[in-house]
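> Here you go, one structure.
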Amino acid sequence: MPQFSYSGLQAGKKVNGAIVANNRIDAGKKLKNQKIIATSLNQLKDNDADADPEIKTFLGMQISSDKLSSVDIMLFTKKLETMIKADLPIMEALKLARRQATKPGLIKVTKTIIEDLNQGKTFSSSLGKFPQYFDDSYINMVKAGESSGTLATFLRKIVDLVEKNIKIVKDIKGALTYPIILLTVALLVTVVMLVKVVPVFQEIYESIGVELPAATQKVIGLSEFLQDPSRGGVLFLTVAIIISSSIYLNKKVYGVKKFFHTLILKLPAFGPLVKKSIYAKVALVLANLLGAGVSIIEALEISSKVTSNILVREAIGRIQKEILTGKNLSALFASEKIFPLEFSEFMKVGEKTGSVDEMFNSISIYYEAEVDNAVGALKQFIEPVMIVFIGGIIAGLLLTLYQPIFLSLIHISEPTRPLYI
């Protein structure tokens with residue numbers, strides 16, 4: 001089928017790309033349906049249609065990174081789903097996706113997949129060459145679509161899965177961003193006061209010879225420590241070593257990693273939010289995989305990889321082993337303390353009705369709503385707490401600095417006692 005390159009306007013923005021159509025008129029109609037006002041429309045020759053988009057370079061070096069985000073993968077999958085749903089063969093859909101690709105990573109991925117398909121390999125096996133972009137759940141759902149002849153349907157499910165995962169991650173990042181910003185501001189304000197404001201008070205007190213309380217002396221001592229370049233360098237180096245060591249040990253030492261992962265789940269306000277997001281992702285993957293006909297053993301194996309938390313992964317691993325003994329899935333999830341009671345209660349209903357995959361979908365929807373509620377509650381809780389926290393730090397420093405003056409005023413205002421002989 002002929003391909004046409006186009007340039008035009010969509011929602012006031014310039015767009016360009018390629019579209020497959022029977023003829024020029026048909027191409028114009030398709031663009032109109034997509035709400036694109038075409039300014040140019042030209043049929044591509046066969047060699048043009050198969051050519052790779054140009055990857056921008058400077059002095060022989062590639063400018064853009066090959067890295068693809070979750071959003072890039074979602075948009076790529078959505079394009080394929082739309083084209084395959086319109087009865088376009090997978091090869092033609094991939095060629096069109098390659099021509100429309102602008103990121104080097106996606107250009108290279110689509111080129112490799114097209115070459116594999118030309119060699120008789122399956123779409124799912126070719127995706128397996130890029131585990132950094134396409135995880136096990138993605139590939140298994142594509143396999144299910146290929147074997148059942150409903151690839152477009154499963155690509156739609158993958159798009160929904162990726163969209164929900166992106167939303168969950170975005171919600172967690174949004175909840176964490178605000179307190180991190182406020183803590184950074186609080187730290188900067190404290191350092192500025194210690195370095196710039198405290199020395200002024202120190203000079204005043206030294207000039208008038210006021211006796212300083214212990215609290216004020218400690219603040220001045222901290223200020224002098226930060227102003228000393230050698231001491232400041234030692235402090236910075238110490239903090240850097242502690243942070244880098246913690247990151248290294250968290251990656252390499254199992255006990256340290258488990259400690260940090262346990263600590264994260266027990267943090268006030270943040271712990272429950274992280275737990276609910278994990279429950280939502282695990283349930284969502286299980287729902288889609290079981291619905292695609294993947295065995296429960298394999299589905300559990302894949303679902304354990306949606307989170308890096310050791311406690312959750314080990315719990316799912318134990319469930320995967322115990323399921324071979326013939327125990328009910330709901331009972332196994334109930335035996336793991338990391339999963340809440342409602343998780344297994346939902347599953348009991350699914351086991352009774354024979355619709356476990358649908359019940360997992362209900363669980364994911366339930367916990368997605370819980371994540372939204374937790375994020376909203378956390379933002380309402382964090383804002384006043386952080387404002388009070390920052391205000392408390394500043395007020396504490398100021399009161400400590402003014403304490404000698406207050407004590408002097410109190411001493412002066414005390415009445416002198418008359419002497420009796």
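Residue numbering restarts at 1 for every chain of the structure tokens, chains are lettered A, B, ... in their displayed order, and ligands are numbered from 1 as they appear.
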Quick one: everything within 8 Å of segment 189-206 of chain A, counting only C-alpha atoms, minus sequence neighbours fewer than 6 positions away in the same chain. Send it as a short mmCIF file (atom, residue, chain, number, x, y, z; two decimals) with N, CA, C and O atoms, in the first residue's frame.

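What follows is the written file result_8.cif:
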```cif
data_model
loop_
_atom_site.label_atom_id
_atom_site.label_comp_id
_atom_site.auth_asym_id
_atom_site.auth_seq_id
_atom_site.Cartn_x
_atom_site.Cartn_y
_atom_site.Cartn_z
N LEU A 212 27.72 34.72 77.19
CA LEU A 212 26.81 33.99 76.31
C LEU A 212 26.31 32.71 76.96
O LEU A 212 27.10 31.96 77.56
N VAL A 219 25.60 27.49 68.90
CA VAL A 219 25.24 28.01 67.58
C VAL A 219 26.42 28.74 66.96
O VAL A 219 26.74 28.57 65.77
N ILE A 220 27.12 29.55 67.75
CA ILE A 220 28.29 30.27 67.25
C ILE A 220 29.40 29.29 66.88
O ILE A 220 30.09 29.47 65.87
N LEU A 222 28.99 26.24 65.80
CA LEU A 222 28.59 25.62 64.53
C LEU A 222 28.84 26.58 63.37
O LEU A 222 29.28 26.17 62.29
N SER A 223 28.57 27.86 63.59
CA SER A 223 28.81 28.89 62.57
C SER A 223 30.29 28.97 62.22
O SER A 223 30.66 29.03 61.04
N GLU A 224 31.14 28.97 63.24
CA GLU A 224 32.59 29.03 63.00
C GLU A 224 33.06 27.78 62.25
O GLU A 224 33.95 27.86 61.40
N LEU A 226 31.35 26.00 60.08
CA LEU A 226 30.95 26.09 58.67
C LEU A 226 31.75 27.13 57.91
O LEU A 226 31.96 27.01 56.70
N GLN A 227 32.21 28.18 58.61
CA GLN A 227 32.98 29.24 57.95
C GLN A 227 34.43 28.84 57.69
O GLN A 227 35.09 29.43 56.82
N ILE A 393 12.64 26.15 62.86
CA ILE A 393 14.09 26.24 62.75
C ILE A 393 14.55 27.69 62.81
O ILE A 393 15.47 28.05 63.56
N ILE A 394 13.89 28.54 62.01
CA ILE A 394 14.28 29.96 61.96
C ILE A 394 14.02 30.63 63.31
O ILE A 394 14.87 31.37 63.83
N LEU A 401 19.97 33.35 69.29
CA LEU A 401 20.85 34.50 69.08
C LEU A 401 20.48 35.70 69.96
O LEU A 401 21.35 36.44 70.41
#
```
> As a list in words, which residues of segment 10-225 of chain A does DSSP assign to strand (DSSP E or B)?
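Taking segment 10-225 of chain A and keeping strand (DSSP E or B) only, one gets Gln10, Lys13, Lys14, Val15, Asn16, Gly17, Ala18, Ile19, Val20, Ile37, Ala38, Thr39, Ser40, Leu41, Asn42, Gln43, Thr57, Phe58, Met61 and Gln62 of chain A.
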> Kindly save the residues from that selection, with all heavy atoms included, as a compact mmCIF listing (two decimals), in the first residue's frame.

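What follows is the written file part32.txt:
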```txt
# COMPACT_ATOMS: atom_id res chain seq x y z
N GLN A 10 -1.71 20.76 13.38
CA GLN A 10 -2.65 20.03 14.23
C GLN A 10 -2.75 20.77 15.55
O GLN A 10 -1.76 20.90 16.28
CB GLN A 10 -2.17 18.59 14.46
CG GLN A 10 -3.19 17.74 15.23
CD GLN A 10 -2.70 16.32 15.39
OE1 GLN A 10 -1.52 16.08 15.58
NE2 GLN A 10 -3.62 15.36 15.30
N LYS A 13 -0.21 23.48 15.95
CA LYS A 13 1.21 23.12 15.99
C LYS A 13 1.61 22.45 14.68
O LYS A 13 0.82 21.72 14.08
CB LYS A 13 1.50 22.19 17.16
CG LYS A 13 1.27 22.83 18.52
CD LYS A 13 1.61 21.84 19.63
CE LYS A 13 1.38 22.47 21.00
NZ LYS A 13 1.68 21.50 22.09
N LYS A 14 2.86 22.71 14.27
CA LYS A 14 3.36 22.08 13.05
C LYS A 14 3.64 20.59 13.30
O LYS A 14 4.25 20.25 14.30
CB LYS A 14 4.64 22.77 12.59
CG LYS A 14 4.42 24.18 12.06
CD LYS A 14 5.73 24.78 11.54
CE LYS A 14 5.49 26.17 10.97
NZ LYS A 14 6.77 26.77 10.47
N VAL A 15 3.17 19.76 12.39
CA VAL A 15 3.42 18.31 12.49
C VAL A 15 3.86 17.80 11.13
O VAL A 15 3.57 18.40 10.10
CB VAL A 15 2.16 17.55 12.94
CG1 VAL A 15 1.78 17.90 14.37
CG2 VAL A 15 0.97 17.82 12.00
N ASN A 16 4.61 16.70 11.15
CA ASN A 16 4.96 16.05 9.89
C ASN A 16 5.14 14.57 10.16
O ASN A 16 5.34 14.15 11.30
CB ASN A 16 6.24 16.66 9.29
CG ASN A 16 7.40 16.63 10.27
OD1 ASN A 16 7.91 15.57 10.61
ND2 ASN A 16 7.79 17.80 10.76
N GLY A 17 5.04 13.78 9.12
CA GLY A 17 5.15 12.33 9.29
C GLY A 17 4.77 11.64 8.00
O GLY A 17 4.87 12.20 6.91
N ALA A 18 4.36 10.39 8.15
CA ALA A 18 3.96 9.60 6.99
C ALA A 18 2.68 8.84 7.31
O ALA A 18 2.40 8.55 8.47
CB ALA A 18 5.07 8.63 6.60
N ILE A 19 1.91 8.57 6.27
CA ILE A 19 0.65 7.87 6.45
C ILE A 19 0.44 6.91 5.29
O ILE A 19 0.87 7.17 4.16
CB ILE A 19 -0.52 8.89 6.54
CG1 ILE A 19 -1.80 8.18 6.98
CG2 ILE A 19 -0.73 9.63 5.23
CD1 ILE A 19 -2.91 9.15 7.36
N VAL A 20 -0.17 5.77 5.59
CA VAL A 20 -0.45 4.75 4.56
C VAL A 20 -1.88 4.96 4.06
O VAL A 20 -2.81 5.09 4.87
CB VAL A 20 -0.27 3.33 5.13
CG1 VAL A 20 -0.64 2.28 4.09
CG2 VAL A 20 1.17 3.13 5.61
N ILE A 37 -4.44 19.60 9.31
CA ILE A 37 -4.61 20.40 8.10
C ILE A 37 -3.31 20.28 7.30
O ILE A 37 -2.27 20.81 7.67
CB ILE A 37 -4.88 21.87 8.45
CG1 ILE A 37 -6.14 21.97 9.31
CG2 ILE A 37 -5.03 22.70 7.19
CD1 ILE A 37 -6.40 23.36 9.86
N ALA A 38 -3.36 19.51 6.20
CA ALA A 38 -2.15 19.23 5.42
C ALA A 38 -1.74 20.43 4.59
O ALA A 38 -2.56 21.03 3.89
CB ALA A 38 -2.38 18.01 4.53
N THR A 39 -0.47 20.81 4.67
CA THR A 39 0.08 21.87 3.83
C THR A 39 0.88 21.28 2.67
O THR A 39 1.10 21.94 1.66
CB THR A 39 0.99 22.80 4.66
OG1 THR A 39 2.00 22.01 5.32
CG2 THR A 39 0.18 23.54 5.71
N SER A 40 1.36 20.04 2.85
CA SER A 40 2.02 19.32 1.76
C SER A 40 1.76 17.83 1.93
O SER A 40 1.69 17.33 3.05
CB SER A 40 3.52 19.60 1.74
OG SER A 40 4.15 19.02 2.88
N LEU A 41 1.58 17.14 0.80
CA LEU A 41 1.27 15.70 0.83
C LEU A 41 1.89 15.07 -0.42
O LEU A 41 1.47 15.37 -1.54
CB LEU A 41 -0.24 15.49 0.85
CG LEU A 41 -0.74 14.05 0.96
CD1 LEU A 41 -0.29 13.42 2.27
CD2 LEU A 41 -2.28 14.02 0.88
N ASN A 42 2.91 14.22 -0.20
CA ASN A 42 3.64 13.64 -1.32
C ASN A 42 3.77 12.13 -1.15
O ASN A 42 4.04 11.66 -0.04
CB ASN A 42 5.04 14.25 -1.44
CG ASN A 42 4.98 15.76 -1.65
OD1 ASN A 42 4.37 16.23 -2.59
ND2 ASN A 42 5.62 16.50 -0.75
N GLN A 43 3.56 11.40 -2.25
CA GLN A 43 3.71 9.95 -2.18
C GLN A 43 5.18 9.58 -2.14
O GLN A 43 6.01 10.16 -2.84
CB GLN A 43 3.04 9.30 -3.40
CG GLN A 43 3.09 7.77 -3.35
CD GLN A 43 2.28 7.13 -4.47
OE1 GLN A 43 1.52 7.80 -5.15
NE2 GLN A 43 2.46 5.83 -4.66
N THR A 57 23.72 14.11 14.01
CA THR A 57 25.06 13.96 14.57
C THR A 57 25.79 15.30 14.52
O THR A 57 25.40 16.21 13.78
CB THR A 57 25.89 12.92 13.79
OG1 THR A 57 25.96 13.32 12.40
CG2 THR A 57 25.26 11.54 13.89
N PHE A 58 26.84 15.40 15.32
CA PHE A 58 27.70 16.59 15.32
C PHE A 58 29.14 16.11 15.43
O PHE A 58 29.52 15.44 16.39
CB PHE A 58 27.35 17.52 16.50
CG PHE A 58 28.21 18.74 16.57
CD1 PHE A 58 28.05 19.77 15.66
CD2 PHE A 58 29.20 18.86 17.54
CE1 PHE A 58 28.85 20.91 15.72
CE2 PHE A 58 30.00 19.98 17.61
CZ PHE A 58 29.82 21.02 16.69
N MET A 61 29.50 12.48 15.97
CA MET A 61 28.96 11.92 17.21
C MET A 61 27.46 12.14 17.28
O MET A 61 26.96 13.21 16.91
CB MET A 61 29.63 12.55 18.43
CG MET A 61 31.11 12.24 18.56
SD MET A 61 31.83 12.94 20.07
CE MET A 61 31.68 14.70 19.70
N GLN A 62 26.74 11.12 17.75
CA GLN A 62 25.28 11.20 17.89
C GLN A 62 24.92 12.21 18.96
O GLN A 62 25.48 12.20 20.07
CB GLN A 62 24.74 9.82 18.25
CG GLN A 62 23.23 9.75 18.32
CD GLN A 62 22.75 8.33 18.60
OE1 GLN A 62 23.06 7.41 17.88
NE2 GLN A 62 22.00 8.16 19.68
```
> Set the distance at 8 Å and use only C-alpha atoms: which residues neighbour Glu81 of chain A once local chain neighbours fewer than 2 positions away are removed? I'd like the list as a PyMOL selection string.
chain A and resi 77-79+83-85+151-153+155-156
> Restricted to N, CA, C and O atoms, what would the selected residues look like written as an mmCIF file, in the first residue's frame?

```
data_model
loop_
_atom_site.group_PDB
_atom_site.id
_atom_site.type_symbol
_atom_site.label_atom_id
_atom_site.label_comp_id
_atom_site.auth_asym_id
_atom_site.auth_seq_id
_atom_site.Cartn_x
_atom_site.Cartn_y
_atom_site.Cartn_z
ATOM 1 N N THR A 77 3.683 1.949 21.313
ATOM 2 C CA THR A 77 2.700 0.860 21.390
ATOM 3 C C THR A 77 1.330 1.336 20.933
ATOM 4 O O THR A 77 0.607 0.612 20.229
ATOM 5 N N LYS A 78 0.977 2.548 21.309
ATOM 6 C CA LYS A 78 -0.331 3.099 20.929
ATOM 7 C C LYS A 78 -0.425 3.254 19.405
ATOM 8 O O LYS A 78 -1.473 2.990 18.800
ATOM 9 N N LYS A 79 0.675 3.689 18.773
ATOM 10 C CA LYS A 79 0.683 3.825 17.310
ATOM 11 C C LYS A 79 0.489 2.473 16.641
ATOM 12 O O LYS A 79 -0.305 2.331 15.703
ATOM 13 N N MET A 83 -2.715 1.296 14.238
ATOM 14 C CA MET A 83 -2.526 0.872 12.839
ATOM 15 C C MET A 83 -2.951 -0.575 12.618
ATOM 16 O O MET A 83 -3.564 -0.899 11.595
ATOM 17 N N ILE A 84 -2.621 -1.453 13.571
ATOM 18 C CA ILE A 84 -3.015 -2.863 13.429
ATOM 19 C C ILE A 84 -4.532 -3.008 13.536
ATOM 20 O O ILE A 84 -5.147 -3.825 12.851
ATOM 21 N N LYS A 85 -5.130 -2.179 14.403
ATOM 22 C CA LYS A 85 -6.588 -2.194 14.528
ATOM 23 C C LYS A 85 -7.259 -1.775 13.223
ATOM 24 O O LYS A 85 -8.377 -2.196 12.915
ATOM 25 N N LEU A 151 -3.648 -9.266 18.295
ATOM 26 C CA LEU A 151 -2.515 -8.454 18.751
ATOM 27 C C LEU A 151 -2.942 -7.036 19.111
ATOM 28 O O LEU A 151 -2.466 -6.476 20.107
ATOM 29 N N ALA A 152 -3.845 -6.447 18.331
ATOM 30 C CA ALA A 152 -4.287 -5.077 18.599
ATOM 31 C C ALA A 152 -4.940 -4.968 19.979
ATOM 32 O O ALA A 152 -4.721 -4.002 20.716
ATOM 33 N N THR A 153 -5.736 -5.986 20.332
ATOM 34 C CA THR A 153 -6.415 -5.988 21.635
ATOM 35 C C THR A 153 -5.401 -6.004 22.778
ATOM 36 O O THR A 153 -5.533 -5.260 23.756
ATOM 37 N N LEU A 155 -2.207 -5.134 22.571
ATOM 38 C CA LEU A 155 -1.439 -3.885 22.568
ATOM 39 C C LEU A 155 -2.207 -2.786 23.296
ATOM 40 O O LEU A 155 -1.620 -1.958 23.997
ATOM 41 N N ARG A 156 -3.532 -2.793 23.165
ATOM 42 C CA ARG A 156 -4.365 -1.833 23.892
ATOM 43 C C ARG A 156 -4.245 -2.054 25.399
ATOM 44 O O ARG A 156 -4.145 -1.091 26.178
#
```
> Restricting the calculation to only C-alpha atoms, which member of A:Leu183, A:Ile302, A:Leu286, A:Ile310 is positioned closest to Met347 of chain A?
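Checking each of A:Leu183, A:Ile302, A:Leu286, A:Ile310 against Met347 of chain A, counting only C-alpha atoms, the winner is A:Leu286.
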> Calculate how many Å separate atom CA of Val109 of chain A from atom CA of Asn288 of chain A, rounding to one decimal.
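We find that atom CA of Val109 of chain A and atom CA of Asn288 of chain A lie 24.6 Å from each other.
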> Tell me which of A:Ser207, A:Asn309, A:Ser304, A:Asn23 sits closest to Lys251 of chain A, counting only C-alpha atoms.
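Checking each of A:Ser207, A:Asn309, A:Ser304, A:Asn23 against Lys251 of chain A, counting only C-alpha atoms, the winner is A:Asn309.
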> Show which residues sit within 9 Å of Tyr402 of chain A, as a list in words. Count only C-alpha atoms, and ignore same-chain residues fewer than 4 positions away.
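So the residues in contact are Phe201, Thr216, Leu397, Leu398, Phe406 and Leu407 of chain A.
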> When you count only C-alpha atoms, which of these residues is closest to Gly376 of chain A: A:Leu187, A:Leu324, A:Leu329, A:Ile172?
A:Ile172
